[in-house]
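Working notes for the structure below.
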Amino acid sequence: MQVDFPYGVDALGRTAATTSDDHVRDLIEQVLFTVPGERVNRPTFGSGLLTLVFAPASDALVSATEMTVQASLQEWLGDVIDVRAVDVVRQESTIEVTVGYVVRATQRSVVATFSGAAA
C-alpha cells in the first residue's frame, strides 16, 4: 500500500493508504497540476499545464501543451509509466487532460482523465 494523495487520515486515525494503481494516478496528477517553481527543492518539477487557462486559445498552443505535458510525465515518472498519449482540452477556466499510459511494473494499460481549474 502507498500513502494516498492528497494526504489524509483514515477512520482509525492513521495515514490514509491507497492501492498501487491509484498511487500512480496520484503521481500523474501531481506532475500535471504542479507549477514549475512551486516546489523549493525541485524547481523544475511540474508541467505548467495551468498556465494554458490564461493563454490565448489556439490549436498550436494546445498541441504544444500536449507535448510539454508528455515530456514532463516522461521526465518525472518515466521509471513508473510509459506515456502513450496525451489529449488536452481547454474550456474557459477549466482544463481536461486525458493521459494514456502503461504502468511499467504491471504492463497494464490505463486511460485516465484529470480536470483542473485556474486558481
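Here, A, B, ... name the chains of the C-alpha cells in the order displayed, residue numbers run from 1 inside each chain, and ligands are numbered from 1 in the same displayed order.
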As a compact mmCIF listing (two decimals) with C-alpha atoms, in the first residue's frame, which residues of stretch 46-98 of chain A does DSSP assign to strand (DSSP E)?
```
# COMPACT_ATOMS: atom_id res chain seq x y z
CA ILE A 81 4.85 4.76 -16.56
CA ASP A 82 5.24 4.75 -20.31
CA VAL A 83 3.12 7.61 -21.69
CA ARG A 84 1.28 6.59 -24.86
CA ALA A 85 -0.99 9.60 -25.49
CA VAL A 86 -1.90 12.98 -24.04
CA ASP A 87 -5.01 14.95 -25.03
CA VAL A 88 -5.62 18.44 -23.63
CA VAL A 89 -8.98 20.18 -23.88
CA ARG A 90 -9.49 23.73 -22.62
CA GLN A 91 -12.92 25.17 -21.87
CA THR A 94 -11.11 24.52 -16.90
CA ILE A 95 -8.58 22.14 -18.40
CA GLU A 96 -9.24 18.46 -19.01
CA VAL A 97 -6.30 16.18 -19.70
CA THR A 98 -6.62 12.58 -20.83
```
**OP:** May I have the residues within 10 Å of stretch 43-51 of chain A as an MDAnalysis selection string, using only C-alpha atoms and disregarding those fewer than 5 positions away in the same chain?
**Re:** chainID A and resid 28:38 65:66 68:73 75:76 88 93:95 97 116:119
Atoms kept (N, CA and C atoms) for selection, written as a CSV table (one decimal), in the first residue's frame:
```
chain,number,residue,atom,x,y,z
A,28,ILE,N,0.7,11.1,-11.3
A,28,ILE,CA,0.4,11.8,-12.5
A,28,ILE,C,-0.3,13.2,-12.2
A,29,GLU,N,-1.2,13.1,-11.4
A,29,GLU,CA,-2.0,14.4,-11.0
A,29,GLU,C,-1.0,15.4,-10.4
A,30,GLN,N,-0.1,15.0,-9.6
A,30,GLN,CA,0.9,15.9,-9.0
A,30,GLN,C,1.7,16.6,-10.1
A,31,VAL,N,2.2,15.8,-11.0
A,31,VAL,CA,3.0,16.4,-12.1
A,31,VAL,C,2.2,17.3,-13.0
A,32,LEU,N,1.0,16.9,-13.3
A,32,LEU,CA,0.1,17.8,-14.1
A,32,LEU,C,-0.2,19.1,-13.5
A,33,PHE,N,-0.5,19.1,-12.3
A,33,PHE,CA,-1.1,20.4,-11.7
A,33,PHE,C,-0.1,21.1,-10.7
A,34,THR,N,1.2,20.7,-10.8
A,34,THR,CA,2.2,21.5,-10.1
A,34,THR,C,2.8,22.5,-11.0
A,35,VAL,N,2.9,23.7,-10.6
A,35,VAL,CA,3.5,24.7,-11.5
A,35,VAL,C,5.0,24.7,-11.2
A,36,PRO,N,5.8,24.6,-12.3
A,36,PRO,CA,7.3,24.7,-12.1
A,36,PRO,C,7.7,25.9,-11.3
A,37,GLY,N,8.6,25.7,-10.3
A,37,GLY,CA,9.0,26.7,-9.4
A,37,GLY,C,8.2,26.7,-8.1
A,38,GLU,N,7.1,25.9,-8.0
A,38,GLU,CA,6.3,25.8,-6.8
A,38,GLU,C,7.0,25.0,-5.7
A,65,THR,N,1.2,22.3,-25.7
A,65,THR,CA,0.9,21.9,-24.3
A,65,THR,C,0.9,20.4,-24.1
A,66,GLU,N,0.3,19.7,-25.1
A,66,GLU,CA,0.2,18.3,-25.0
A,66,GLU,C,1.7,17.7,-25.1
A,68,THR,N,4.4,19.3,-24.1
A,68,THR,CA,5.1,19.7,-22.9
A,68,THR,C,4.6,18.8,-21.7
A,69,VAL,N,3.3,18.5,-21.7
A,69,VAL,CA,2.8,17.6,-20.6
A,69,VAL,C,3.4,16.2,-20.8
A,70,GLN,N,3.4,15.7,-22.0
A,70,GLN,CA,4.0,14.4,-22.2
A,70,GLN,C,5.5,14.3,-21.8
A,71,ALA,N,6.2,15.4,-22.1
A,71,ALA,CA,7.6,15.4,-21.8
A,71,ALA,C,7.8,15.5,-20.2
A,72,SER,N,7.0,16.2,-19.6
A,72,SER,CA,7.1,16.3,-18.1
A,72,SER,C,6.8,15.0,-17.4
A,73,LEU,N,5.7,14.3,-17.9
A,73,LEU,CA,5.4,13.0,-17.4
A,73,LEU,C,6.5,12.0,-17.6
A,75,GLU,N,9.7,12.7,-18.0
A,75,GLU,CA,10.9,13.2,-17.2
A,75,GLU,C,10.7,12.7,-15.7
A,76,TRP,N,9.6,13.0,-15.2
A,76,TRP,CA,9.4,12.7,-13.7
A,76,TRP,C,8.9,11.4,-13.4
A,88,VAL,N,-5.3,17.3,-24.5
A,88,VAL,CA,-5.6,18.4,-23.6
A,88,VAL,C,-6.8,19.2,-24.3
A,93,SER,N,-12.2,28.4,-18.0
A,93,SER,CA,-11.2,28.3,-17.0
A,93,SER,C,-10.9,26.9,-16.5
A,94,THR,N,-11.3,25.9,-17.3
A,94,THR,CA,-11.1,24.5,-16.9
A,94,THR,C,-10.3,23.8,-18.0
A,95,ILE,N,-9.4,23.0,-17.5
A,95,ILE,CA,-8.6,22.1,-18.4
A,95,ILE,C,-8.9,20.7,-18.1
A,97,VAL,N,-7.4,16.9,-19.1
A,97,VAL,CA,-6.3,16.2,-19.7
A,97,VAL,C,-6.6,14.7,-19.6
A,116,GLY,N,-8.8,20.3,-14.0
A,116,GLY,CA,-8.3,21.3,-13.1
A,116,GLY,C,-8.8,22.6,-13.6
A,117,ALA,N,-8.8,23.5,-12.6
A,117,ALA,CA,-9.2,24.9,-12.9
A,117,ALA,C,-8.2,25.9,-12.4
A,118,ALA,N,-8.1,27.0,-13.1
A,118,ALA,CA,-7.2,28.0,-12.6
A,118,ALA,C,-7.5,28.5,-11.3
A,119,ALA,N,-6.5,28.8,-10.5
A,119,ALA,CA,-6.7,29.3,-9.1
A,119,ALA,C,-7.0,30.8,-9.1
```
**OP:** Name the residues of stretch 24-104 of chain A that fall into alpha helix (DSSP H) according to DSSP on the backbone, using the chain letters and numbers of this document, as a count of residues only.
**Re:** 29
When you look at stretch 2-11 of chain A with a cut-off of 10 Å (counting only C-alpha atoms), what residues show up, excluding the ones that are within fewer than 2 positions of it in the same chain? I need them as a CSV table (one decimal) with N, CA and C atoms, in the first residue's frame.
```csv
chain,number,residue,atom,x,y,z
A,13,GLY,N,-7.5,6.9,12.3
A,13,GLY,CA,-6.6,8.0,12.6
A,13,GLY,C,-5.2,7.8,12.1
A,14,ARG,N,-5.0,6.8,11.2
A,14,ARG,CA,-3.7,6.6,10.6
A,14,ARG,C,-3.6,7.3,9.3
A,15,THR,N,-2.4,7.3,8.8
A,15,THR,CA,-2.2,7.9,7.4
A,15,THR,C,-3.0,7.1,6.4
A,16,ALA,N,-3.8,7.7,5.6
A,16,ALA,CA,-4.6,7.0,4.6
A,16,ALA,C,-3.7,6.4,3.6
A,17,ALA,N,-4.1,5.2,3.2
A,17,ALA,CA,-3.3,4.4,2.2
A,17,ALA,C,-4.1,4.2,1.0
A,18,THR,N,-3.5,3.8,-0.1
A,18,THR,CA,-4.2,3.6,-1.4
A,18,THR,C,-3.5,2.4,-2.1
A,19,THR,N,-4.2,2.0,-3.2
A,19,THR,CA,-3.6,0.9,-4.0
A,19,THR,C,-2.5,1.4,-4.9
A,20,SER,N,-1.7,0.5,-5.4
A,20,SER,CA,-0.6,0.9,-6.3
A,20,SER,C,-1.1,1.6,-7.6
A,21,ASP,N,-2.2,1.1,-8.1
A,21,ASP,CA,-2.8,1.8,-9.3
A,21,ASP,C,-3.3,3.2,-9.0
A,22,ASP,N,-3.9,3.4,-7.9
A,22,ASP,CA,-4.4,4.7,-7.5
A,22,ASP,C,-3.2,5.6,-7.2
A,23,HIS,N,-2.1,5.1,-6.6
A,23,HIS,CA,-0.9,5.8,-6.3
A,23,HIS,C,-0.3,6.4,-7.6
A,24,VAL,N,-0.2,5.6,-8.6
A,24,VAL,CA,0.3,6.0,-9.9
A,24,VAL,C,-0.5,7.2,-10.5
A,25,ARG,N,-1.8,7.1,-10.4
A,25,ARG,CA,-2.7,8.1,-10.8
A,25,ARG,C,-2.5,9.4,-10.0
A,26,ASP,N,-2.3,9.3,-8.7
A,26,ASP,CA,-1.9,10.4,-7.8
A,26,ASP,C,-0.6,11.1,-8.3
A,27,LEU,N,0.4,10.3,-8.6
A,27,LEU,CA,1.6,10.8,-9.1
A,27,LEU,C,1.5,11.6,-10.4
A,29,GLU,N,-1.2,13.1,-11.4
A,29,GLU,CA,-2.0,14.4,-11.0
A,29,GLU,C,-1.0,15.4,-10.4
A,30,GLN,N,-0.1,15.0,-9.6
A,30,GLN,CA,0.9,15.9,-9.0
A,30,GLN,C,1.7,16.6,-10.1
```
**OP:** Provide the atom CA of A:Arg104 to atom CA of A:Val62 distance in Å, to one decimal place.
**Re:** 27.4 Å
Original post:
When distances are computed from only C-alpha atoms, which of A:Leu12, A:Ser63, A:Gln74, A:Val80 shows the smallest separation from A:Arg108?
Top reply: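 The closest residue to A:Arg108 is A:Val80.
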**OP:** Provide the atom CA of A:Ala60 to atom CA of A:Tyr101 distance in Å, to one decimal place.
**Re:**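 Between atom CA of A:Ala60 and atom CA of A:Tyr101 the gap works out to 23.3 Å.
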